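Chemist: Structure file final39.cif, mmCIF, C-alpha atoms, is pasted below:
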data_my_file
#
loop_
_atom_site.label_atom_id
_atom_site.label_comp_id
_atom_site.auth_asym_id
_atom_site.auth_seq_id
_atom_site.Cartn_x
_atom_site.Cartn_y
_atom_site.Cartn_z
CA MET Z 638 0.51 17.43 -25.18
CA SER Z 639 2.72 16.52 -28.07
CA VAL Z 640 5.14 13.65 -27.53
CA ASP Z 641 8.05 16.09 -27.23
CA GLU Z 642 6.17 18.18 -24.67
CA ALA Z 643 5.31 15.07 -22.66
CA ARG Z 644 8.93 13.91 -22.67
CA LYS Z 645 10.16 17.32 -21.52
CA ALA Z 646 7.59 17.41 -18.71
CA ASP Z 647 8.48 13.89 -17.63
CA ALA Z 648 12.20 14.64 -17.53
CA GLU Z 649 11.54 17.69 -15.36
CA THR Z 650 9.84 15.52 -12.71
CA GLU Z 651 12.75 13.07 -12.46
CA ALA Z 652 13.20 11.98 -8.85
CA ALA Z 653 16.42 13.19 -7.25
CA VAL Z 654 18.83 10.73 -5.68
CA TRP Z 655 17.24 9.80 -2.35
CA ASP Z 656 19.27 10.39 0.79
CA TRP Z 657 17.12 8.15 3.01
CA VAL Z 658 18.65 4.98 1.57
CA GLY Z 659 22.25 3.87 1.07
CA GLN Z 660 23.81 4.29 -2.35
CA PRO Z 661 25.32 1.66 -4.68
CA LYS Z 662 29.02 0.97 -4.63
CA GLU Z 663 29.32 1.30 -8.41
CA ILE Z 664 27.20 2.49 -11.35
CA PHE Z 665 28.19 2.16 -15.00
CA ASP Z 666 26.67 1.94 -18.48
CA LEU Z 667 27.38 -0.68 -21.09
CA ASP Z 668 26.10 -1.22 -24.60
CA ILE Z 669 24.89 -4.57 -25.89
CA ALA Z 670 23.55 -5.72 -29.23
CA GLY Z 671 19.78 -5.28 -29.18
CA PRO Z 672 17.21 -6.52 -31.69
CA ALA Z 673 17.52 -3.34 -33.77
CA GLY Z 674 21.02 -2.12 -32.88
CA PRO Z 675 23.02 -1.11 -29.80
CA MET Z 676 21.07 -0.89 -26.54
CA THR Z 677 22.31 0.68 -23.32
CA LEU Z 678 22.09 -1.02 -19.94
CA ARG Z 679 22.88 0.75 -16.67
CA VAL Z 680 24.33 -1.47 -13.95
CA TYR Z 681 24.07 -0.74 -10.21
CA ARG Z 682 26.27 -2.80 -7.87
CA PRO Z 683 25.36 -2.55 -4.16
CA GLN Z 684 27.71 -2.12 -1.24
CA VAL Z 685 27.37 -5.74 -0.16
CA GLU Z 686 30.11 -8.06 0.99
CA SER Z 687 29.62 -11.39 -0.75
CA GLU Z 688 31.84 -14.37 -1.40
CA GLY Z 689 29.94 -15.27 -4.54
CA PRO Z 690 27.93 -13.59 -7.30
CA LEU Z 691 24.90 -11.53 -6.34
CA PRO Z 692 21.36 -12.00 -7.64
CA VAL Z 693 20.24 -9.59 -10.32
CA LEU Z 694 17.13 -7.47 -10.88
CA VAL Z 695 16.40 -6.32 -14.44
CA TYR Z 696 14.45 -3.06 -14.23
CA PHE Z 697 12.23 -1.47 -16.88
CA PHE Z 698 11.49 2.25 -16.40
CA GLY Z 699 7.98 3.66 -16.60
CA GLY Z 700 6.53 6.26 -18.93
CA GLY Z 701 3.65 4.79 -20.89
CA PHE Z 702 5.99 3.33 -23.52
CA VAL Z 703 6.43 6.93 -24.77
CA VAL Z 704 8.36 8.91 -22.14
CA GLY Z 705 10.95 7.94 -19.52
CA SER Z 706 14.60 6.97 -19.64
CA LEU Z 707 17.45 5.41 -17.73
CA ASP Z 708 17.79 8.75 -15.93
CA THR Z 709 14.17 8.97 -14.78
CA SER Z 710 14.47 5.57 -13.07
CA GLU Z 711 17.81 6.37 -11.43
CA ALA Z 712 16.44 6.86 -7.91
CA PHE Z 713 14.40 3.65 -8.09
CA CYS Z 714 17.35 1.57 -9.24
CA ARG Z 715 19.77 3.00 -6.70
CA ALA Z 716 17.30 2.32 -3.88
CA LEU Z 717 16.39 -1.20 -4.98
CA SER Z 718 20.01 -2.19 -5.39
CA THR Z 719 20.53 -1.35 -1.72
CA LEU Z 720 17.18 -2.54 -0.36
CA ALA Z 721 17.26 -5.88 -2.20
CA SER Z 722 21.05 -6.41 -1.88
CA CYS Z 723 21.28 -7.24 -5.57
CA VAL Z 724 22.77 -5.99 -8.81
CA VAL Z 725 20.22 -3.92 -10.72
CA VAL Z 726 20.36 -3.70 -14.51
CA SER Z 727 18.19 -0.93 -15.97
CA VAL Z 728 17.24 -1.31 -19.64
CA GLY Z 729 17.29 1.54 -22.16
CA TYR Z 730 14.57 0.13 -24.41
CA ARG Z 731 13.15 1.86 -27.48
CA LEU Z 732 10.17 4.22 -27.13
CA ALA Z 733 6.99 4.73 -29.13
CA PRO Z 734 5.73 6.27 -31.35
CA GLU Z 735 9.06 6.13 -33.19
CA HIS Z 736 9.37 2.47 -32.22
CA PRO Z 737 5.88 1.08 -31.58
CA TYR Z 738 4.86 -2.31 -30.21
CA PRO Z 739 6.53 -4.80 -30.08
CA ALA Z 740 9.87 -2.90 -30.01
CA ALA Z 741 9.90 -2.33 -26.24
CA ILE Z 742 9.06 -5.91 -25.31
CA ASP Z 743 11.57 -7.26 -27.85
CA ASP Z 744 14.30 -5.07 -26.34
CA CYS Z 745 13.43 -5.99 -22.76
CA TYR Z 746 13.34 -9.72 -23.44
CA ALA Z 747 16.66 -9.50 -25.30
CA ALA Z 748 18.16 -7.66 -22.31
CA VAL Z 749 17.04 -10.39 -19.90
CA GLN Z 750 18.52 -13.03 -22.21
CA TRP Z 751 21.81 -11.12 -22.33
CA VAL Z 752 21.91 -10.73 -18.54
CA ALA Z 753 21.25 -14.45 -18.07
CA ASP Z 754 24.19 -15.27 -20.33
CA ASN Z 755 26.61 -12.53 -19.22
CA ALA Z 756 25.83 -11.67 -15.60
CA SER Z 757 29.19 -13.00 -14.44
CA GLN Z 758 30.85 -10.07 -16.23
CA PHE Z 759 29.64 -7.77 -13.44
CA GLY Z 760 29.58 -10.13 -10.49
CA ALA Z 761 25.99 -11.31 -10.79
CA ASP Z 762 24.33 -14.71 -10.99
CA GLY Z 763 22.46 -15.25 -14.25
CA GLY Z 764 20.54 -18.08 -12.61
CA ARG Z 765 18.89 -15.75 -10.08
CA ILE Z 766 17.05 -13.09 -12.09
CA ALA Z 767 14.00 -11.04 -11.18
CA VAL Z 768 12.23 -8.45 -13.33
CA ALA Z 769 10.54 -5.28 -12.12
CA GLY Z 770 9.17 -2.02 -13.40
CA ASP Z 771 6.84 0.84 -12.59
CA SER Z 772 3.82 1.78 -14.71
CA ASN Z 773 4.41 0.44 -18.23
CA GLY Z 774 7.69 -0.96 -16.90
CA GLY Z 775 5.50 -3.28 -14.84
CA THR Z 776 3.59 -4.18 -18.00
CA LEU Z 777 6.89 -5.08 -19.65
CA SER Z 778 7.90 -7.15 -16.60
CA ALA Z 779 4.71 -9.19 -16.84
CA ALA Z 780 5.12 -9.58 -20.61
CA VAL Z 781 8.77 -10.64 -20.32
CA SER Z 782 7.76 -13.22 -17.71
CA LEU Z 783 5.16 -14.62 -20.11
CA MET Z 784 7.60 -14.60 -23.02
CA ALA Z 785 10.33 -16.33 -21.00
CA ARG Z 786 7.90 -19.08 -20.03
CA ASP Z 787 6.60 -19.48 -23.58
CA GLN Z 788 10.09 -19.58 -25.11
CA ASP Z 789 11.68 -21.82 -22.46
CA GLY Z 790 13.93 -19.30 -20.82
CA PRO Z 791 15.64 -17.56 -19.27
CA ARG Z 792 14.25 -18.68 -15.93
CA ILE Z 793 12.85 -15.71 -13.99
CA SER Z 794 12.65 -16.10 -10.23
CA ALA Z 795 10.28 -13.23 -9.43
CA GLN Z 796 8.34 -10.35 -10.98
CA VAL Z 797 7.52 -7.02 -9.35
CA LEU Z 798 4.63 -5.23 -11.04
CA ILE Z 799 4.22 -1.65 -9.83
CA TYR Z 800 0.84 -0.17 -10.90
CA PRO Z 801 1.20 -1.51 -14.48
CA ALA Z 802 -1.16 -1.22 -17.46
CA MET Z 803 -2.48 -4.75 -17.95
CA GLN Z 804 -5.18 -4.51 -20.60
CA PHE Z 805 -5.66 -2.22 -23.58
CA GLY Z 806 -9.17 -0.76 -23.73
CA SER Z 807 -10.16 -1.74 -20.21
CA ALA Z 808 -13.34 -0.05 -18.97
CA THR Z 809 -13.15 -0.59 -15.23
CA ASP Z 810 -14.59 1.38 -12.34
CA SER Z 811 -11.13 2.70 -11.44
CA MET Z 812 -10.59 3.84 -15.04
CA ARG Z 813 -13.91 5.72 -15.03
CA ASP Z 814 -13.54 7.18 -11.54
CA ASN Z 815 -9.97 8.45 -11.60
CA VAL Z 816 -10.00 11.53 -13.82
CA ASP Z 817 -8.31 14.06 -11.51
CA PRO Z 818 -6.39 16.31 -13.94
CA MET Z 819 -3.48 16.71 -11.50
CA PHE Z 820 -2.56 13.02 -11.75
CA PHE Z 821 -2.20 10.22 -14.27
CA ASN Z 822 -5.84 9.49 -15.02
CA GLY Z 823 -8.39 7.71 -17.15
CA HIS Z 824 -7.90 10.28 -19.92
CA SER Z 825 -4.12 9.77 -19.97
CA VAL Z 826 -4.27 6.01 -20.49
CA PRO Z 827 -5.57 5.95 -24.10
CA TRP Z 828 -3.11 8.70 -25.09
CA PHE Z 829 -0.21 6.38 -24.24
CA TRP Z 830 -1.80 3.25 -25.71
CA ASN Z 831 -2.59 5.04 -28.99
CA HIS Z 832 1.06 6.02 -29.39
CA TYR Z 833 2.31 2.55 -28.46
CA LEU Z 834 0.08 0.31 -30.58
CA PRO Z 835 0.43 0.65 -34.37
CA ASP Z 836 -2.92 -1.15 -34.72
CA PRO Z 837 -5.56 -1.44 -31.96
CA ALA Z 838 -5.76 -5.15 -32.75
CA ASP Z 839 -2.21 -5.48 -31.37
CA GLY Z 840 -3.69 -4.77 -27.95
CA ASP Z 841 -5.25 -8.24 -27.99
CA SER Z 842 -1.85 -9.89 -27.63
CA PRO Z 843 -0.97 -11.01 -24.08
CA TYR Z 844 2.48 -9.52 -24.64
CA ALA Z 845 0.78 -6.11 -24.98
CA SER Z 846 -2.07 -6.81 -22.54
CA PRO Z 847 -0.98 -9.52 -20.08
CA LEU Z 848 -4.50 -9.72 -18.63
CA ASN Z 849 -5.55 -11.22 -21.98
CA ALA Z 850 -3.33 -14.27 -21.45
CA THR Z 851 -5.44 -17.44 -21.32
CA ASP Z 852 -2.82 -19.41 -19.39
CA LEU Z 853 -0.89 -17.90 -16.49
CA SER Z 854 0.43 -21.14 -15.05
CA GLY Z 855 4.15 -21.59 -14.57
CA LEU Z 856 4.88 -17.88 -14.14
CA PRO Z 857 7.28 -16.58 -11.47
CA PRO Z 858 6.01 -15.45 -8.06
CA ALA Z 859 4.67 -11.91 -8.26
CA LEU Z 860 4.38 -8.81 -6.12
CA MET Z 861 1.65 -6.48 -7.41
CA ILE Z 862 1.62 -2.89 -6.13
CA THR Z 863 -1.59 -0.90 -6.70
CA ALA Z 864 -2.82 2.52 -5.58
CA GLU Z 865 -6.35 3.46 -4.55
CA PHE Z 866 -6.58 6.46 -6.89
CA CYS Z 867 -4.89 4.84 -9.91
CA PRO Z 868 -7.00 4.27 -13.05
CA LEU Z 869 -5.17 0.95 -13.55
CA ARG Z 870 -6.02 -0.39 -10.08
CA ASP Z 871 -8.86 -2.72 -11.06
CA GLU Z 872 -7.07 -4.38 -13.98
CA ASP Z 873 -3.98 -4.83 -11.80
CA GLU Z 874 -5.95 -6.54 -9.06
CA ALA Z 875 -7.76 -8.67 -11.67
CA TYR Z 876 -4.37 -9.85 -12.94
CA ALA Z 877 -3.23 -10.67 -9.41
CA ASP Z 878 -6.42 -12.68 -8.89
CA ALA Z 879 -5.87 -14.51 -12.20
CA LEU Z 880 -2.29 -15.37 -11.19
CA ALA Z 881 -3.53 -16.79 -7.90
CA ARG Z 882 -6.18 -18.90 -9.66
CA ALA Z 883 -3.41 -20.27 -11.92
CA GLY Z 884 -1.44 -21.37 -8.87
CA VAL Z 885 1.19 -18.61 -9.05
CA PRO Z 886 2.30 -17.25 -5.65
CA VAL Z 887 1.20 -13.62 -5.62
CA ASP Z 888 1.20 -10.84 -3.06
CA CYS Z 889 -1.09 -7.96 -4.05
CA ARG Z 890 -0.88 -4.78 -2.01
CA ARG Z 891 -3.20 -1.80 -2.47
CA TYR Z 892 -1.98 1.49 -0.96
CA ALA Z 893 -4.86 3.62 0.27
CA ASP Z 894 -5.33 7.33 -0.45
CA LEU Z 895 -2.51 7.42 -3.05
CA PRO Z 896 -2.34 7.97 -6.83
CA HIS Z 897 -0.49 6.24 -9.62
CA GLY Z 898 3.23 7.02 -9.40
CA PHE Z 899 3.33 7.46 -5.64
CA LEU Z 900 6.62 5.57 -5.24
CA SER Z 901 8.44 8.40 -7.00
CA MET Z 902 7.55 10.61 -4.02
CA ALA Z 903 9.70 8.59 -1.62
CA ALA Z 904 11.77 11.66 -0.74
CA VAL Z 905 8.78 13.11 1.13
CA LEU Z 906 6.28 10.26 1.50
CA GLY Z 907 6.87 7.71 4.23
CA THR Z 908 4.39 5.25 2.72
CA ALA Z 909 6.41 5.20 -0.51
CA ARG Z 910 9.56 4.41 1.45
CA GLU Z 911 7.75 1.60 3.23
CA ALA Z 912 6.53 0.21 -0.09
CA LEU Z 913 10.04 0.25 -1.53
CA GLY Z 914 11.26 -1.55 1.58
CA GLU Z 915 8.59 -4.21 1.06
CA ILE Z 916 9.71 -4.63 -2.55
CA GLY Z 917 13.26 -5.12 -1.30
CA ASP Z 918 12.07 -7.72 1.23
CA PHE Z 919 10.14 -9.60 -1.47
CA LEU Z 920 13.15 -9.67 -3.80
CA ARG Z 921 15.53 -10.85 -1.10
CA LEU Z 922 13.13 -13.65 -0.22
CA ARG Z 923 12.72 -14.80 -3.82
CA LEU Z 924 16.32 -14.34 -4.99
CA ASN Z 925 18.25 -15.83 -2.06
#
Is it possible to express this structure as structure tokens?
Modeler:
Amino acid sequence: MSVDEARKADAETEAAVWDWVGQPKEIFDLDIAGPAGPMTLRVYRPQVESEGPLPVLVYFFGGGFVVGSLDTSEAFCRALSTLASCVVVSVGYRLAPEHPYPAAIDDCYAAVQWVADNASQFGADGGRIAVAGDSNGGTLSAAVSLMARDQDGPRISAQVLIYPAMQFGSATDSMRDNVDPMFFNGHSVPWFWNHYLPDPADGDSPYASPLNATDLSGLPPALMITAEFCPLRDEDEAYADALARAGVPVDCRRYADLPHGFLSMAAVLGTAREALGEIGDFLRLRLN
């Protein structure tokens, strides 16, 4: 596919608003100053009675750094706001190939910095921040966590990594085995990486490939979600193992018999609803 064709196809598979979970009390967009100009954030406030500010989850949508939008992550953000009883801030970061690496990570880190400094504007606590994302949004969550540690802030309390890409050029068993043309597969992965990285050498950076980081100590507690039939499964589980060896609390959960992207099927798939509930439980534990 061309980039335009891929974006059109992705938009057509956008998950509808799910009726199995309660809806936020309020949703609104706001523009902030990003590294290269205005950047849109979408804020979801849950229907929670609270005497003080609520914790906040900064969410990065998936789409291989090339497709996806605030709209395609709408169902995720609505559900997590309710399930985790927190404010969710979804980030409209720049996409490749028009804006290649490191544009997306620069935007996402700037958004977390802004939320930490300005969360009180929408009833949230900038001292209780988690990051999360699906697919490359999980990659960005891991990279932002590394960047925040390396640059002394903001403090991130938890990271949720949902079947992310963790290493450019990985040649794992799951990458070789998962080539089913009906799903995201081992042939899809290099298509996205090649659009995202202006130079293959950029893939060596831990901010592009978090599995390349030589030091994972001091990172926030992590929840890693993997799927049996996902080409990224092995590199995800390798990253979870590396976090554990570095002394980072990590909960890695592999969902059997499912492909990459299975959470987006929560309207019809009970296992996806259960997984989202477990993400909500993890965030409540780490943010409260």
Chemist: For the structure shown, which residues end up in the PyMOL selection byres ((chain Z and resi 917-925) around 6)? Put them as a PyMOL selection string, please?
Modeler: chain Z and resi 720-721+765+914-916
Chemist: If we count only C-alpha atoms and set the cut-off at 12 Å, which residues sit around Ser782 in chain Z, ignoring sequence neighbours fewer than 2 positions away in its own chain? Please answer as a PyMOL selection string.
Modeler: chain Z and resi 695+742+745-746+749-750+766-769+775-780+784-798+843-844+847+850+853-859
Chemist: Could you work out how far CA of Val725 in chain Z lies from CA of Asp744 in chain Z, giving the answer in Å with one decimal?
Modeler: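 Result for CA of Asp744 in chain Z versus CA of Val725 in chain Z: 16.7 Å, one decimal.
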Chemist: Kindly indicate which residue among Z:Met638, Z:Met902, Z:Val728, Z:Met676 lies nearest to Glu651 in chain Z, using all atoms listed in the file for the distances.
Modeler: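 Result for the nearest residue to Glu651 in chain Z: Z:Met902.
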Chemist: So which residues touch Ala877 in chain Z within 8 Å, counting only C-alpha atoms, skipping near sequence neighbours fewer than 3 positions away, as a VMD selection string?
Modeler: chain Z and resid 861 873 to 874 880 to 881 887 to 889
Chemist: Could you turn the residues from that selection into a file that holds C-alpha atoms, as a tab-separated table (two decimals), keeping the file's coordinate frame?
Modeler:
chain	number	residue	atom	x	y	z
Z	861	MET	CA	1.65	-6.48	-7.41
Z	873	ASP	CA	-3.98	-4.83	-11.80
Z	874	GLU	CA	-5.95	-6.54	-9.06
Z	880	LEU	CA	-2.29	-15.37	-11.19
Z	881	ALA	CA	-3.53	-16.79	-7.90
Z	887	VAL	CA	1.20	-13.62	-5.62
Z	888	ASP	CA	1.20	-10.84	-3.06
Z	889	CYS	CA	-1.09	-7.96	-4.05
Chemist: Given all atoms listed in the file as the basis, pick out the residue of Z:Arg715, Z:Gly774, Z:Val816, Z:Trp657 nearest to Leu906 in chain Z.
Modeler: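 Of Z:Arg715, Z:Gly774, Z:Val816, Z:Trp657, the one nearest Leu906 in chain Z is Z:Trp657, counting all atoms listed in the file.
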Chemist: Please indicate the distance in Å from CA of Phe821 in chain Z to CA of Gly705 in chain Z, rounded to one decimal place.
Modeler: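 One can read the CA of Phe821 in chain Z to CA of Gly705 in chain Z distance as 14.3 Å.
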Chemist: Give me the result of the PyMOL selection byres ((chain Z and resi 868) around 9) on this file, residue by residue, as a PDB file with C-alpha atoms, keeping the file's coordinate frame.
Modeler:
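Contents of selection02.pdb, freshly written:
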ATOM      1  CA  THR Z 809     -13.150  -0.590 -15.230  1.00  0.00           C
ATOM      2  CA  ASP Z 810     -14.590   1.380 -12.340  1.00  0.00           C
ATOM      3  CA  SER Z 811     -11.130   2.700 -11.440  1.00  0.00           C
ATOM      4  CA  MET Z 812     -10.590   3.840 -15.040  1.00  0.00           C
ATOM      5  CA  ARG Z 813     -13.910   5.720 -15.030  1.00  0.00           C
ATOM      6  CA  ASP Z 814     -13.540   7.180 -11.540  1.00  0.00           C
ATOM      7  CA  ASN Z 815      -9.970   8.450 -11.600  1.00  0.00           C
ATOM      8  CA  VAL Z 816     -10.000  11.530 -13.820  1.00  0.00           C
ATOM      9  CA  PHE Z 821      -2.200  10.220 -14.270  1.00  0.00           C
ATOM     10  CA  ASN Z 822      -5.840   9.490 -15.020  1.00  0.00           C
ATOM     11  CA  GLY Z 823      -8.390   7.710 -17.150  1.00  0.00           C
ATOM     12  CA  VAL Z 826      -4.270   6.010 -20.490  1.00  0.00           C
ATOM     13  CA  ALA Z 864      -2.820   2.520  -5.580  1.00  0.00           C
ATOM     14  CA  GLU Z 865      -6.350   3.460  -4.550  1.00  0.00           C
ATOM     15  CA  PHE Z 866      -6.580   6.460  -6.890  1.00  0.00           C
ATOM     16  CA  CYS Z 867      -4.890   4.840  -9.910  1.00  0.00           C
ATOM     17  CA  LEU Z 869      -5.170   0.950 -13.550  1.00  0.00           C
ATOM     18  CA  ARG Z 870      -6.020  -0.390 -10.080  1.00  0.00           C
ATOM     19  CA  ASP Z 871      -8.860  -2.720 -11.060  1.00  0.00           C
ATOM     20  CA  GLU Z 872      -7.070  -4.380 -13.980  1.00  0.00           C
ATOM     21  CA  PRO Z 896      -2.340   7.970  -6.830  1.00  0.00           C
ATOM     22  CA  HIS Z 897      -0.490   6.240  -9.620  1.00  0.00           C
TER      23      HIS Z 897
END
Chemist: CA of Val885 in chain Z and CA of Leu848 in chain Z, how far apart in Å?
Modeler: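 A separation of 14.3 Å between them.
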Chemist: For a quick check of understanding, using only C-alpha atoms, which of Z:Arg891, Z:Asp666, Z:Pro690, Z:Gln684 has the smallest distance to Gly764 in chain Z?
Modeler: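 Counting only C-alpha atoms, the residue closest to Gly764 in chain Z is Z:Pro690.
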Chemist: Could you pull the residues within 10 Å of Ile669 in chain Z, counting all atoms listed in the file, minus those fewer than 5 positions along the same chain, as number ranges by chain?
Modeler: Z: 674-678, 747-748, 751
Chemist: Tell me which protein, DNA and RNA residues are within 12 Å of Ala648 in chain Z, counting all atoms listed in the file, leaving out same-chain ones fewer than 5 positions away, and put them as a PyMOL selection string.
Modeler: chain Z and resi 641-643+653+699-700+704-711
Chemist: Residues of the last selection are to be written out with C-alpha atoms, as a JSON list (two decimals), in the frame of the given file.
Modeler:
[["chain", "number", "residue", "atom", "x", "y", "z"],
["Z", 641, "ASP", "CA", 8.05, 16.09, -27.23],
["Z", 642, "GLU", "CA", 6.17, 18.18, -24.67],
["Z", 643, "ALA", "CA", 5.31, 15.07, -22.66],
["Z", 653, "ALA", "CA", 16.42, 13.19, -7.25],
["Z", 699, "GLY", "CA", 7.98, 3.66, -16.60],
["Z", 700, "GLY", "CA", 6.53, 6.26, -18.93],
["Z", 704, "VAL", "CA", 8.36, 8.91, -22.14],
["Z", 705, "GLY", "CA", 10.95, 7.94, -19.52],
["Z", 706, "SER", "CA", 14.60, 6.97, -19.64],
["Z", 707, "LEU", "CA", 17.45, 5.41, -17.73],
["Z", 708, "ASP", "CA", 17.79, 8.75, -15.93],
["Z", 709, "THR", "CA", 14.17, 8.97, -14.78],
["Z", 710, "SER", "CA", 14.47, 5.57, -13.07],
["Z", 711, "GLU", "CA", 17.81, 6.37, -11.43]]
Chemist: Kindly indicate which residue among Z:Arg882, Z:Pro672, Z:Lys645, Z:Ala893 lies nearest to His736 in chain Z, using all atoms listed in the file for the distances.
Modeler: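 Among the listed residues, Z:Pro672 lies closest to His736 in chain Z.
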Chemist: Using all atoms listed in the file, which of Z:Leu895, Z:His832, Z:Val752, Z:Met803 sits nearest Thr908 in chain Z?
Modeler: Z:Leu895
Chemist: Within 12 Å of Asp836 in chain Z, counting only C-alpha atoms, which residues show up once you throw out same-chain ones fewer than 2 positions away? Write them as a PyMOL selection string, please.
Modeler: chain Z and resi 734+737-739+805+830-834+838-842+845
Chemist: Please produce range 886-909 of chain Z, completed to N, CA and C atoms, as a PDB file, in the frame of the given file.
Modeler:
ATOM      1  N   PRO Z 886       2.235 -18.018  -6.894  1.00  0.00           N
ATOM      2  CA  PRO Z 886       2.300 -17.250  -5.650  1.00  0.00           C
ATOM      3  C   PRO Z 886       2.265 -15.752  -5.948  1.00  0.00           C
ATOM      4  N   VAL Z 887       1.335 -15.043  -5.338  1.00  0.00           N
ATOM      5  CA  VAL Z 887       1.200 -13.620  -5.620  1.00  0.00           C
ATOM      6  C   VAL Z 887       0.843 -12.875  -4.351  1.00  0.00           C
ATOM      7  N   ASP Z 888       1.466 -11.739  -4.182  1.00  0.00           N
ATOM      8  CA  ASP Z 888       1.200 -10.840  -3.060  1.00  0.00           C
ATOM      9  C   ASP Z 888       0.740  -9.527  -3.671  1.00  0.00           C
ATOM     10  N   CYS Z 889      -0.527  -9.190  -3.484  1.00  0.00           N
ATOM     11  CA  CYS Z 889      -1.090  -7.960  -4.050  1.00  0.00           C
ATOM     12  C   CYS Z 889      -1.344  -6.975  -2.932  1.00  0.00           C
ATOM     13  N   ARG Z 890      -0.776  -5.785  -3.059  1.00  0.00           N
ATOM     14  CA  ARG Z 890      -0.880  -4.780  -2.010  1.00  0.00           C
ATOM     15  C   ARG Z 890      -1.440  -3.473  -2.582  1.00  0.00           C
ATOM     16  N   ARG Z 891      -2.612  -3.073  -2.076  1.00  0.00           N
ATOM     17  CA  ARG Z 891      -3.200  -1.800  -2.470  1.00  0.00           C
ATOM     18  C   ARG Z 891      -2.859  -0.744  -1.415  1.00  0.00           C
ATOM     19  N   TYR Z 892      -2.338   0.398  -1.875  1.00  0.00           N
ATOM     20  CA  TYR Z 892      -1.980   1.490  -0.960  1.00  0.00           C
ATOM     21  C   TYR Z 892      -3.079   2.542  -0.996  1.00  0.00           C
ATOM     22  N   ALA Z 893      -3.701   2.744   0.165  1.00  0.00           N
ATOM     23  CA  ALA Z 893      -4.860   3.620   0.270  1.00  0.00           C
ATOM     24  C   ALA Z 893      -4.472   5.087   0.127  1.00  0.00           C
ATOM     25  N   ASP Z 894      -5.410   5.860  -0.408  1.00  0.00           N
ATOM     26  CA  ASP Z 894      -5.330   7.330  -0.450  1.00  0.00           C
ATOM     27  C   ASP Z 894      -4.197   7.853  -1.336  1.00  0.00           C
ATOM     28  N   LEU Z 895      -3.656   7.004  -2.237  1.00  0.00           N
ATOM     29  CA  LEU Z 895      -2.510   7.420  -3.050  1.00  0.00           C
ATOM     30  C   LEU Z 895      -2.803   7.246  -4.533  1.00  0.00           C
ATOM     31  N   PRO Z 896      -2.131   8.051  -5.388  1.00  0.00           N
ATOM     32  CA  PRO Z 896      -2.340   7.970  -6.830  1.00  0.00           C
ATOM     33  C   PRO Z 896      -1.276   7.103  -7.505  1.00  0.00           C
ATOM     34  N   HIS Z 897      -1.496   6.854  -8.769  1.00  0.00           N
ATOM     35  CA  HIS Z 897      -0.490   6.240  -9.620  1.00  0.00           C
ATOM     36  C   HIS Z 897       0.807   7.050  -9.509  1.00  0.00           C
ATOM     37  N   GLY Z 898       1.942   6.344  -9.443  1.00  0.00           N
ATOM     38  CA  GLY Z 898       3.230   7.020  -9.400  1.00  0.00           C
ATOM     39  C   GLY Z 898       3.705   7.402  -8.020  1.00  0.00           C
ATOM     40  N   PHE Z 899       2.996   6.963  -6.974  1.00  0.00           N
ATOM     41  CA  PHE Z 899       3.330   7.460  -5.640  1.00  0.00           C
ATOM     42  C   PHE Z 899       4.722   7.056  -5.168  1.00  0.00           C
ATOM     43  N   LEU Z 900       5.288   5.974  -5.688  1.00  0.00           N
ATOM     44  CA  LEU Z 900       6.620   5.570  -5.240  1.00  0.00           C
ATOM     45  C   LEU Z 900       7.682   6.612  -5.581  1.00  0.00           C
ATOM     46  N   SER Z 901       7.446   7.378  -6.623  1.00  0.00           N
ATOM     47  CA  SER Z 901       8.440   8.400  -7.000  1.00  0.00           C
ATOM     48  C   SER Z 901       8.506   9.536  -5.989  1.00  0.00           C
ATOM     49  N   MET Z 902       7.569   9.559  -5.042  1.00  0.00           N
ATOM     50  CA  MET Z 902       7.550  10.610  -4.020  1.00  0.00           C
ATOM     51  C   MET Z 902       8.219  10.163  -2.726  1.00  0.00           C
ATOM     52  N   ALA Z 903       9.091   9.158  -2.824  1.00  0.00           N
ATOM     53  CA  ALA Z 903       9.700   8.590  -1.620  1.00  0.00           C
ATOM     54  C   ALA Z 903      10.560   9.577  -0.846  1.00  0.00           C
ATOM     55  N   ALA Z 904      10.976  10.660  -1.463  1.00  0.00           N
ATOM     56  CA  ALA Z 904      11.770  11.660  -0.740  1.00  0.00           C
ATOM     57  C   ALA Z 904      10.949  12.320   0.368  1.00  0.00           C
ATOM     58  N   VAL Z 905       9.627  12.385   0.174  1.00  0.00           N
ATOM     59  CA  VAL Z 905       8.780  13.110   1.130  1.00  0.00           C
ATOM     60  C   VAL Z 905       7.644  12.271   1.672  1.00  0.00           C
ATOM     61  N   LEU Z 906       7.441  11.074   1.149  1.00  0.00           N
ATOM     62  CA  LEU Z 906       6.280  10.260   1.500  1.00  0.00           C
ATOM     63  C   LEU Z 906       6.734   8.972   2.179  1.00  0.00           C
ATOM     64  N   GLY Z 907       6.448   8.883   3.472  1.00  0.00           N
ATOM     65  CA  GLY Z 907       6.870   7.710   4.230  1.00  0.00           C
ATOM     66  C   GLY Z 907       6.279   6.421   3.703  1.00  0.00           C
ATOM     67  N   THR Z 908       5.022   6.457   3.240  1.00  0.00           N
ATOM     68  CA  THR Z 908       4.390   5.250   2.720  1.00  0.00           C
ATOM     69  C   THR Z 908       5.139   4.727   1.497  1.00  0.00           C
ATOM     70  N   ALA Z 909       5.638   5.633   0.670  1.00  0.00           N
ATOM     71  CA  ALA Z 909       6.410   5.200  -0.510  1.00  0.00           C
ATOM     72  C   ALA Z 909       7.701   4.528  -0.078  1.00  0.00           C
TER      73      ALA Z 909
END
